[in-house]
>>> print(open('data_13.cif').read())   # mmCIF, C-alpha atoms
data_data
loop_
_atom_site.label_atom_id
_atom_site.label_comp_id
_atom_site.auth_asym_id
_atom_site.auth_seq_id
_atom_site.Cartn_x
_atom_site.Cartn_y
_atom_site.Cartn_z
CA MET A 214 0.00 0.00 0.00
CA HIS A 215 1.31 3.44 -0.86
CA THR A 216 1.89 6.17 1.69
CA GLU A 217 -0.03 8.72 -0.36
CA VAL A 218 -3.18 6.64 -0.47
CA MET A 219 -3.63 6.12 3.21
CA GLY A 220 -5.77 9.10 4.00
CA ALA A 221 -8.83 7.04 4.79
CA VAL A 222 -7.04 4.68 7.11
CA VAL A 223 -4.99 6.92 9.30
CA ALA A 224 -4.35 4.53 12.14
CA ALA A 225 -3.38 1.70 9.87
CA ALA A 226 -1.24 4.09 7.89
CA ALA A 227 0.68 5.12 10.97
CA ALA A 228 1.37 1.53 11.86
CA LEU A 229 2.54 0.73 8.37
CA LEU A 230 4.63 3.84 7.96
CA PHE A 231 6.39 3.61 11.25
CA GLY A 232 7.35 0.13 10.26
CA SER A 233 8.79 1.18 6.93
CA PRO A 234 12.53 1.58 6.55
CA HIS A 235 12.26 5.18 5.38
CA ALA A 236 9.66 6.50 7.74
CA ASN A 237 10.20 8.40 10.93
CA ALA A 238 7.58 9.42 13.44
CA GLN A 239 6.56 13.07 13.32
CA ALA A 240 9.49 15.17 14.41
CA THR A 241 9.25 16.60 17.88
CA VAL A 242 12.41 18.68 17.59
CA ARG A 243 11.65 21.91 15.77
CA ALA A 244 15.13 23.38 15.82
CA ALA A 245 18.44 21.94 14.77
CA THR A 246 19.80 20.54 18.00
CA PRO A 247 22.26 17.75 17.29
CA THR A 248 22.37 15.39 20.23
CA LYS A 249 25.31 13.26 19.24
CA ALA A 250 28.69 13.77 17.74
CA SER A 251 28.36 14.10 14.02
CA ALA A 252 30.67 14.66 11.11
CA PRO A 253 31.08 18.34 10.22
CA THR A 254 29.00 20.07 7.60
CA PRO A 255 30.30 18.99 4.18
CA ARG A 256 31.28 21.75 1.80
CA LEU A 257 31.78 22.15 -1.91
CA PRO A 258 35.14 23.34 -3.31
CA ASP A 259 33.84 26.91 -3.37
CA GLY A 260 33.08 26.74 0.34
CA LYS A 261 29.30 26.58 0.04
CA VAL A 262 27.44 24.03 2.11
CA ASP A 263 27.01 20.75 0.27
CA LEU A 264 23.43 19.62 0.77
CA GLY A 265 24.16 16.34 -0.99
CA GLY A 266 26.69 13.56 -0.68
CA HIS A 267 26.73 9.81 -0.73
CA GLY A 268 23.42 9.27 0.94
CA MET A 269 19.94 10.67 1.18
CA TRP A 270 17.71 12.68 3.49
CA SER A 271 15.37 10.38 5.37
CA GLN A 272 12.37 12.64 5.66
CA PRO A 273 10.00 12.36 8.60
CA TRP A 274 6.26 12.06 8.20
CA ILE A 275 4.90 15.41 9.32
CA THR A 276 1.21 14.71 9.70
CA ASP A 277 0.34 17.86 11.61
CA PHE A 278 1.93 21.21 10.76
CA GLY A 279 0.23 22.55 13.89
CA ARG A 280 2.83 20.72 15.97
CA GLN A 281 5.72 22.23 14.05
CA VAL A 282 4.88 25.92 14.31
CA ILE A 283 7.66 28.09 15.71
CA GLY A 284 7.60 31.70 16.87
CA PRO A 285 5.77 33.62 19.55
CA ASP A 286 2.35 32.30 18.54
CA THR A 287 2.41 28.58 17.77
CA SER A 288 -1.16 28.31 16.56
CA ILE A 289 -2.15 28.08 12.92
CA PRO A 290 -3.86 31.40 12.06
CA PHE A 291 -6.77 29.92 10.13
CA LEU A 292 -9.30 32.08 8.34
CA PRO A 293 -12.87 30.91 9.05
CA TRP A 294 -13.11 28.89 5.83
CA THR A 295 -9.78 27.11 6.27
CA LYS A 296 -10.69 26.31 9.86
CA ALA A 297 -14.06 24.93 8.73
CA MET A 298 -12.45 22.91 5.94
CA TYR A 299 -9.85 21.60 8.38
CA GLU A 300 -12.69 20.35 10.59
CA TYR A 301 -14.50 18.89 7.59
CA ASN A 302 -11.37 17.09 6.40
CA LYS A 303 -10.83 15.75 9.90
CA SER A 304 -14.43 14.51 10.04
CA ASN A 305 -13.95 12.27 7.02
CA GLN A 306 -10.50 10.97 8.05
CA VAL A 307 -8.85 13.13 5.36
CA ALA A 308 -10.28 10.85 2.70
CA TYR A 309 -9.98 13.48 -0.03
CA ASP A 310 -6.33 14.33 0.50
CA PRO A 311 -5.00 14.95 -3.03
CA GLN A 312 -1.76 13.20 -2.13
CA GLY A 313 -3.84 10.10 -1.51
CA PHE A 314 -4.67 10.28 -5.20
CA CYS A 315 -0.94 10.20 -5.95
CA LEU A 316 -0.85 13.88 -6.85
CA PRO A 317 2.33 15.67 -5.76
CA PRO A 318 2.33 17.11 -2.24
CA GLY A 319 3.68 20.49 -3.37
CA GLY A 320 5.26 23.11 -1.16
CA PRO A 321 6.71 22.43 2.29
CA ARG A 322 4.71 19.21 2.63
CA MET A 323 7.15 17.59 0.24
CA PHE A 324 9.80 17.73 2.98
CA GLY A 325 7.36 16.16 5.42
CA THR A 326 6.43 13.22 3.23
CA PRO A 327 8.09 10.07 4.55
CA TYR A 328 10.12 9.13 1.52
CA PRO A 329 13.73 10.19 1.11
CA SER A 330 15.15 13.00 -0.98
CA GLN A 331 18.43 14.16 -2.45
CA PHE A 332 19.78 17.60 -3.35
CA LEU A 333 21.68 17.97 -6.61
CA GLN A 334 23.65 21.21 -6.58
CA GLN A 335 24.83 23.04 -9.68
CA ALA A 336 26.16 26.55 -9.98
CA ASP A 337 22.95 27.97 -11.38
CA ARG A 338 20.33 25.72 -9.80
CA ILE A 339 19.58 23.24 -7.09
CA VAL A 340 17.35 20.32 -7.93
CA VAL A 341 15.68 18.33 -5.17
CA ILE A 342 14.53 14.87 -6.15
CA PHE A 343 12.00 13.01 -4.10
CA GLU A 344 11.41 9.30 -4.01
CA GLY A 345 7.78 9.70 -2.98
CA GLY A 346 5.07 12.23 -3.65
CA ALA A 347 4.54 10.95 -7.20
CA HIS A 348 8.29 10.53 -7.81
CA VAL A 349 8.83 14.20 -8.47
CA TRP A 350 11.57 16.80 -8.43
CA ARG A 351 11.77 20.46 -7.73
CA GLU A 352 14.01 23.11 -9.25
CA ILE A 353 15.39 26.10 -7.36
CA HIS A 354 16.96 28.77 -9.55
CA MET A 355 20.23 30.04 -8.05
CA ASP A 356 21.39 32.36 -10.85
CA GLY A 357 20.26 35.58 -9.25
CA ARG A 358 17.03 35.96 -11.19
CA SER A 359 14.20 37.70 -9.42
CA LEU A 360 11.02 35.98 -8.39
CA PRO A 361 8.33 36.51 -11.06
CA LYS A 362 4.92 37.87 -10.14
CA ARG A 363 2.42 35.15 -9.36
CA GLU A 364 0.07 36.50 -12.01
CA ASP A 365 2.74 35.96 -14.68
CA LEU A 366 3.20 32.27 -13.90
CA ASN A 367 1.35 29.14 -14.89
CA PRO A 368 0.30 27.78 -11.49
CA THR A 369 2.03 24.51 -10.64
CA TYR A 370 2.26 22.00 -7.79
CA PHE A 371 5.68 23.21 -6.65
CA GLY A 372 5.44 26.77 -7.84
CA TYR A 373 8.43 28.75 -9.06
CA SER A 374 11.45 28.96 -6.79
CA VAL A 375 14.48 31.22 -6.62
CA GLY A 376 17.15 30.80 -3.99
CA HIS A 377 20.26 32.37 -2.59
CA TRP A 378 22.69 31.71 0.23
CA GLU A 379 22.70 33.71 3.41
CA ARG A 380 25.95 32.53 4.95
CA ASP A 381 25.33 28.78 5.35
CA THR A 382 21.57 28.89 4.93
CA LEU A 383 19.82 28.29 1.64
CA VAL A 384 16.93 30.74 1.40
CA VAL A 385 14.24 29.89 -1.14
CA GLU A 386 11.29 32.04 -2.17
CA THR A 387 8.45 30.37 -4.03
CA THR A 388 5.26 31.60 -5.66
CA GLY A 389 2.93 30.41 -8.40
CA PHE A 390 1.36 27.44 -6.62
CA ASN A 391 -1.78 25.87 -8.01
CA GLU A 392 -4.73 24.91 -5.80
CA LYS A 393 -4.46 21.17 -6.24
CA THR A 394 -2.72 20.34 -3.00
CA TRP A 395 -3.19 20.54 0.73
CA LEU A 396 -0.51 22.16 2.82
CA ASN A 397 -0.46 19.17 5.09
CA PHE A 398 -1.79 15.65 5.52
CA ASN A 399 -4.30 16.68 8.17
CA GLY A 400 -6.31 18.96 5.92
CA THR A 401 -4.78 22.42 6.22
CA MET A 402 -5.53 24.07 2.92
CA HIS A 403 -4.19 26.94 0.85
CA THR A 404 -5.01 29.12 -2.11
CA ASP A 405 -3.04 30.21 -5.15
CA GLU A 406 -2.05 33.32 -3.21
CA LEU A 407 0.37 31.13 -1.26
CA THR A 408 4.01 32.11 -1.13
CA THR A 409 6.66 30.33 0.90
CA LEU A 410 10.02 31.39 2.28
CA GLU A 411 12.14 28.36 3.11
CA ARG A 412 15.37 28.39 5.08
CA ILE A 413 17.40 25.22 4.74
CA SER A 414 20.64 24.57 6.58
CA ARG A 415 22.95 21.67 7.39
CA PRO A 416 24.45 22.26 10.82
CA ASN A 417 26.39 19.00 10.55
CA ARG A 418 26.64 16.15 8.10
CA ASP A 419 23.72 14.23 9.56
CA THR A 420 21.12 16.96 9.98
CA LEU A 421 19.14 19.06 7.56
CA HIS A 422 17.23 21.80 9.31
CA TYR A 423 14.13 22.85 7.42
CA GLU A 424 12.03 25.94 8.05
CA ALA A 425 9.22 27.35 5.95
CA THR A 426 7.20 30.51 6.40
CA ILE A 427 3.76 30.19 4.89
CA ASN A 428 2.16 33.40 3.68
CA ASP A 429 -1.29 32.99 2.20
CA PRO A 430 -3.70 35.86 2.86
CA GLY A 431 -6.43 33.88 1.14
CA ALA A 432 -6.24 31.17 3.77
CA TYR A 433 -4.47 32.49 6.90
CA SER A 434 -4.65 35.75 8.82
CA ARG A 435 -0.87 36.15 9.09
CA PRO A 436 2.31 34.39 7.98
CA TRP A 437 3.35 31.42 10.12
CA THR A 438 6.51 29.36 10.27
CA ILE A 439 7.06 25.66 10.64
CA ALA A 440 10.31 23.79 11.21
CA TRP A 441 11.73 20.32 11.64
CA ASP A 442 14.95 18.38 11.25
CA ILE A 443 15.61 15.74 8.62
CA PRO A 444 18.24 13.07 9.34
CA TRP A 445 20.89 12.00 6.86
CA ALA A 446 21.23 8.36 5.83
CA GLU A 447 24.84 7.96 4.81
CA GLY A 448 25.33 5.49 1.97
CA ALA A 449 21.61 5.00 1.31
CA GLU A 450 20.15 5.33 -2.17
CA LEU A 451 16.78 6.38 -3.52
CA ALA A 452 14.54 3.63 -4.80
CA GLU A 453 12.04 3.75 -7.61
CA TYR A 454 8.62 4.22 -6.17
CA ILE A 455 5.55 4.84 -8.31
CA CYS A 456 2.53 5.76 -6.26
CA GLN A 457 0.16 5.62 -9.20
CA GLU A 458 0.63 1.92 -9.75
CA ASN A 459 -2.32 -0.12 -8.56
CA ASN A 460 -3.84 2.61 -6.42
CA GLN A 461 -6.83 0.63 -5.19
CA PHE A 462 -7.70 3.31 -2.64
CA LEU A 463 -8.47 5.74 -5.39
CA LEU A 464 -10.66 3.30 -7.28
CA GLU A 465 -12.69 2.47 -4.20
CA LEU A 466 -13.04 5.98 -2.78
CA LYS A 467 -16.59 7.24 -2.35
CA ASP A 468 -17.70 10.84 -1.84
CA ASP A 469 -19.92 12.22 0.92
CA VAL A 470 -23.08 10.93 -0.72
CA GLY A 471 -21.74 7.47 -1.45
CA ASN A 472 -20.95 7.89 -5.12
CA PRO A 473 -17.63 6.76 -6.57
CA PHE A 474 -15.26 9.72 -6.32
CA PHE A 475 -14.11 9.14 -9.88
CA SER A 476 -16.78 8.01 -12.24
CA ASP A 477 -17.48 8.41 -15.93
CA VAL A 478 -21.20 8.01 -15.43
CA PRO A 479 -23.59 10.67 -14.13
CA THR A 480 -23.85 10.67 -10.38
CA THR A 481 -26.88 11.33 -8.27
CA THR A 482 -27.48 14.74 -6.79
CA PRO A 483 -26.79 14.87 -3.08
CA MET B 56 -9.19 -0.45 -18.81
CA LEU B 57 -7.15 1.93 -20.97
CA ALA B 58 -10.20 4.10 -21.52
CA ALA B 59 -10.91 4.09 -17.83
CA SER B 60 -7.35 5.23 -17.16
CA PHE B 61 -7.73 8.17 -19.53
CA LEU B 62 -10.98 9.15 -17.86
CA LEU B 63 -9.31 8.95 -14.50
CA PHE B 64 -6.46 11.22 -15.45
CA ALA B 65 -8.84 13.59 -17.20
CA THR B 66 -10.66 13.88 -13.91
CA LEU B 67 -7.47 14.33 -11.92
CA ALA B 68 -6.46 17.16 -14.18
CA SER B 69 -9.44 19.17 -13.01
CA ALA B 70 -8.64 18.86 -9.31
CA GLN B 71 -9.60 22.00 -7.39
CA VAL B 72 -9.11 21.92 -3.66
CA GLY B 73 -8.74 25.59 -2.74
CA HIS B 74 -11.66 27.61 -1.43
CA PRO B 75 -14.68 25.28 -1.72
CA ALA B 76 -16.87 27.88 -3.45
CA LYS B 77 -14.28 28.88 -6.03
CA GLY B 78 -14.70 27.61 -9.55
CA ALA B 79 -17.16 27.26 -12.39
CA TRP B 80 -20.52 25.74 -11.54
CA SER B 81 -23.20 24.65 -13.97
CA GLY B 82 -26.77 23.43 -13.62
CA TYR B 83 -30.34 24.66 -13.72
CA TRP B 84 -32.68 27.09 -12.03
CA GLY B 85 -36.40 27.47 -12.45
CA THR B 86 -39.83 27.37 -10.90
CA SER B 87 -40.40 23.72 -11.83
CA ASP B 88 -38.96 20.90 -13.90
CA ALA B 89 -41.04 22.15 -16.80
CA ASP B 90 -39.66 25.65 -16.43
CA LYS B 91 -35.97 25.42 -15.84
CA HIS B 92 -33.07 27.28 -17.34
CA ARG B 93 -29.42 26.51 -17.76
CA ILE B 94 -27.11 28.53 -15.54
CA LEU B 95 -23.35 28.89 -15.39
CA LEU B 96 -21.97 30.44 -12.27
CA VAL B 97 -18.34 31.45 -11.86
CA LEU B 98 -17.14 32.24 -8.36
CA ASP B 99 -13.74 33.50 -7.28
CA TRP B 100 -12.01 33.96 -3.95
CA ARG B 101 -9.55 36.83 -4.01
CA ASN B 102 -8.34 39.27 -1.35
CA ALA B 103 -10.35 37.32 1.20
CA GLU B 104 -13.60 38.08 -0.62
CA LEU B 105 -15.94 36.06 -2.79
CA SER B 106 -17.09 37.51 -6.08
CA GLY B 107 -18.79 36.07 -9.10
CA THR B 108 -20.56 36.19 -12.42
CA ILE B 109 -23.70 34.52 -13.71
CA ASN B 110 -23.58 33.31 -17.31
CA PRO B 111 -20.24 34.85 -18.35
CA GLY B 112 -20.36 36.30 -21.86
CA PRO B 113 -22.19 39.15 -23.55
CA ASN B 114 -25.12 38.89 -21.15
CA ALA B 115 -23.06 38.32 -18.03
CA ILE B 116 -24.44 39.43 -14.70
CA THR B 117 -21.97 40.47 -12.06
CA LEU B 118 -22.94 39.45 -8.58
CA ASP B 119 -23.33 42.40 -6.25
CA LYS B 120 -22.88 40.37 -3.11
CA VAL B 121 -21.61 36.90 -2.31
CA GLY B 122 -21.70 35.74 1.29
CA LEU B 123 -20.69 32.41 2.78
CA ASP B 124 -21.51 31.19 6.27
CA VAL B 125 -18.89 28.51 6.86
CA ASP B 126 -20.68 27.18 9.94
CA THR B 127 -23.49 25.90 7.74
CA TRP B 128 -21.82 26.26 4.32
CA THR B 129 -24.72 28.45 3.30
CA LEU B 130 -23.90 30.59 0.28
CA LYS B 131 -25.99 33.61 -0.62
CA LEU B 132 -25.79 35.39 -3.96
CA GLU B 133 -27.34 38.73 -4.81
CA ALA B 134 -27.54 40.47 -8.18
CA ALA B 135 -29.64 42.80 -10.24
CA MET B 136 -30.78 40.59 -13.11
CA PRO B 137 -32.76 41.73 -16.15
CA ASP B 138 -36.09 39.97 -16.80
CA ALA B 139 -37.51 39.20 -20.25
CA SER B 140 -38.39 42.87 -20.76
CA GLY B 141 -34.90 43.97 -19.84
CA ARG B 142 -35.96 45.48 -16.58
CA LYS B 143 -33.60 44.70 -13.74
CA ARG B 144 -35.02 42.86 -10.77
CA PRO B 145 -33.35 41.61 -7.63
CA PHE B 146 -32.10 38.04 -7.84
CA VAL B 147 -31.29 36.38 -4.52
CA ALA B 148 -30.13 32.77 -4.30
CA THR B 149 -29.60 31.00 -1.00
CA GLY B 150 -28.31 27.47 -0.85
CA ARG B 151 -25.89 25.09 0.70
CA LEU B 152 -22.56 23.79 -0.51
CA SER B 153 -22.36 20.05 -0.08
CA ASN B 154 -20.01 17.20 -0.88
CA LEU B 155 -17.21 19.66 -0.19
CA GLY B 156 -14.36 17.24 -0.70
CA SER B 157 -15.49 16.18 -4.14
CA TRP B 158 -13.95 17.61 -7.27
CA THR B 159 -16.49 15.93 -9.49
CA ASN B 160 -19.81 16.17 -7.68
CA ARG B 161 -19.58 19.16 -5.34
CA THR B 162 -23.00 20.77 -5.31
CA TYR B 163 -24.57 24.10 -4.53
CA ALA B 164 -28.35 23.83 -4.26
CA GLY B 165 -31.16 25.87 -2.76
CA THR B 166 -33.88 28.35 -3.52
CA TYR B 167 -34.01 31.72 -5.22
CA THR B 168 -36.22 34.71 -5.69
CA PHE B 169 -36.22 36.80 -8.84
CA GLY B 170 -38.54 39.70 -8.34
CA ALA B 171 -41.82 37.99 -7.43
CA GLU B 172 -40.71 34.64 -8.88
CA LYS B 173 -39.59 31.84 -6.59
CA GLY B 174 -37.85 28.65 -7.54
CA ARG B 175 -35.06 26.19 -6.93
CA PHE B 176 -31.58 25.77 -8.35
CA THR B 177 -28.86 23.13 -8.38
CA VAL B 178 -25.39 23.61 -9.79
CA THR B 179 -22.41 21.28 -9.73
CA LEU B 180 -18.74 22.24 -9.78
CA ASN B 181 -17.38 21.70 -13.29
#
>>> encode(input="data_13.cif", output="structure tokens")
Amino acid sequence: MHTEVMGAVVAAAAALLFGSPHANAQATVRAATPTKASAPTPRLPDGKVDLGGHGMWSQPWITDFGRQVIGPDTSIPFLPWTKAMYEYNKSNQVAYDPQGFCLPPGGPRMFGTPYPSQFLQQADRIVVIFEGGAHVWREIHMDGRSLPKREDLNPTYFGYSVGHWERDTLVVETTGFNEKTWLNFNGTMHTDELTTLERISRPNRDTLHYEATINDPGAYSRPWTIAWDIPWAEGAELAEYICQENNQFLLELKDDVGNPFFSDVPTTTP
Amino acid sequence: MLAASFLLFATLASAQVGHPAKGAWSGYWGTSDADKHRILLVLDWRNAELSGTINPGPNAITLDKVGLDVDTWTLKLEAAMPDASGRKRPFVATGRLSNLGSWTNRTYAGTYTFGAEKGRFTVTLN
């Protein structure tokens, strides 16, 4: 069974995921606080932090962004409609999570999806490849270009990202998201007004510290920031994982009125 | 099976999971089954406000007011709509959004008044 298709069976999903070799329970440490001796931060010949290496990032399963909020106010600043939709999604065991349909997670959720990732660094771009989340990749432009206006972009799952280094922290601005994803597994939603500001650092070889500030005036009353650590798995390699293959969950999913979620025949009116 | 796969991906391509009222809705309104009219309703959510248009095109009617009560998912639309003689009359539609998680069968249904006329409407998210 695929991770992305487990929305309707949360408890079973947790049991399965925590038993998988790649999965980690939801992070409880929000800041980079290495607890054991670790190799130093690897660097490229030009001195920049090397976010890659012979291994992969073993991403945790962040099921609840509400537990990862940092800053003076650690609540999610829902607007009334996002709060109501959050409650609705909770009431149906997040059955309609788009990631359960094998659509890409998009945005910060990609780093909280329990399949590993790798960073490929070039002079003009950084590409992050993900084993899960529909086997996707994300491109971060590092050539100094400015971030386009949202209105000038074709909305996409991962949006359009530009990045730069602030000392040893990779800072990534992203806009141009479509509205085909949830921010998080537990039903926090967003609009196409979403922009993110990610700060990614590697305080030592074995830790990637991830922070993302979510700014979406169409869904939240103020920007809010989430953070977690991602452990390094030295020597590990990505596997091929295709969520779409044999997604029985999707074929069997029914909507609120009992009709097949995907059907090519007319459905009854609720 | 191949055809089914194409249908599936065609459906996936239309996924819309942002604000539940946002999108293009189509269906019928009228005083009875014998007197019903096609309606296309386009709603948008921008700057934390809902706005919309009935029957976009040369005879489009811009909604004056769109209000959503998220506690009951009751959506109320108000517009000045011309009748057969061209005279504008108040159109008020009040209904409930249902099947909120569905991309393919999300529905907005309820009752309306158009001047002295009363009827029912049902539209489904396209």
>>> interface_residues(input="data_13.cif", of="chain B", to="chain A", cutoff="9 Å", atoms="only C-alpha atoms", output="tab-separated table (two decimals) with C-alpha atoms, in the coordinates of the input")
chain	number	residue	atom	x	y	z
B	59	ALA	CA	-10.91	4.09	-17.83
B	62	LEU	CA	-10.98	9.15	-17.86
B	63	LEU	CA	-9.31	8.95	-14.50
B	66	THR	CA	-10.66	13.88	-13.91
B	67	LEU	CA	-7.47	14.33	-11.92
B	69	SER	CA	-9.44	19.17	-13.01
B	70	ALA	CA	-8.64	18.86	-9.31
B	71	GLN	CA	-9.60	22.00	-7.39
B	72	VAL	CA	-9.11	21.92	-3.66
B	73	GLY	CA	-8.74	25.59	-2.74
B	74	HIS	CA	-11.66	27.61	-1.43
B	75	PRO	CA	-14.68	25.28	-1.72
B	100	TRP	CA	-12.01	33.96	-3.95
B	101	ARG	CA	-9.55	36.83	-4.01
B	102	ASN	CA	-8.34	39.27	-1.35
B	103	ALA	CA	-10.35	37.32	1.20
B	104	GLU	CA	-13.60	38.08	-0.62
B	123	LEU	CA	-20.69	32.41	2.78
B	124	ASP	CA	-21.51	31.19	6.27
B	125	VAL	CA	-18.89	28.51	6.86
B	126	ASP	CA	-20.68	27.18	9.94
B	153	SER	CA	-22.36	20.05	-0.08
B	154	ASN	CA	-20.01	17.20	-0.88
B	155	LEU	CA	-17.21	19.66	-0.19
B	156	GLY	CA	-14.36	17.24	-0.70
B	157	SER	CA	-15.49	16.18	-4.14
B	158	TRP	CA	-13.95	17.61	-7.27
B	159	THR	CA	-16.49	15.93	-9.49
B	160	ASN	CA	-19.81	16.17	-7.68
B	161	ARG	CA	-19.58	19.16	-5.34
B	162	THR	CA	-23.00	20.77	-5.31
B	177	THR	CA	-28.86	23.13	-8.38
B	179	THR	CA	-22.41	21.28	-9.73
>>> atom_distance(input="data_13.cif", atom1="CA of Gly122 in chain B", atom2="CA of Leu105 in chain B")
7.1 Å
>>> resolve_selection(input="data_13.cif", expression="the PyMOL selection byres ((chain A and resi 443-451) around 9)", output="PyMOL selection string")
chain A and resi 240+266-273+324-325+328-331+343-344+418-423+441-442+452-454
>>> residues_around(input="data_13.cif", residues="Met136 in chain B", least_positions_apart="4", cutoff="10 Å", atoms="all atoms listed in the file", output="PDB file with C-alpha atoms, in the coordinates of the input")
ATOM      1  CA  ILE B 109     -23.700  34.520 -13.710  1.00  0.00           C
ATOM      2  CA  ASN B 114     -25.120  38.890 -21.150  1.00  0.00           C
ATOM      3  CA  ALA B 115     -23.060  38.320 -18.030  1.00  0.00           C
ATOM      4  CA  ILE B 116     -24.440  39.430 -14.700  1.00  0.00           C
ATOM      5  CA  THR B 117     -21.970  40.470 -12.060  1.00  0.00           C
ATOM      6  CA  LEU B 118     -22.940  39.450  -8.580  1.00  0.00           C
ATOM      7  CA  GLY B 141     -34.900  43.970 -19.840  1.00  0.00           C
ATOM      8  CA  ARG B 142     -35.960  45.480 -16.580  1.00  0.00           C
ATOM      9  CA  LYS B 143     -33.600  44.700 -13.740  1.00  0.00           C
ATOM     10  CA  ARG B 144     -35.020  42.860 -10.770  1.00  0.00           C
ATOM     11  CA  PRO B 145     -33.350  41.610  -7.630  1.00  0.00           C
ATOM     12  CA  PHE B 146     -32.100  38.040  -7.840  1.00  0.00           C
ATOM     13  CA  VAL B 147     -31.290  36.380  -4.520  1.00  0.00           C
ATOM     14  CA  PHE B 169     -36.220  36.800  -8.840  1.00  0.00           C
ATOM     15  CA  GLY B 170     -38.540  39.700  -8.340  1.00  0.00           C
TER      16      GLY B 170
END
>>> resolve_selection(input="data_13.cif", expression="the PyMOL selection byres ((chain B and resi 98) around 9)", output="list in words")
Ala76, Lys77, Gly78, Ala79, Trp80, Leu96, Val97, Asp99, Trp100, Leu105, Ser106, Gly107, Thr108, Ile109 and Val121 of chain B
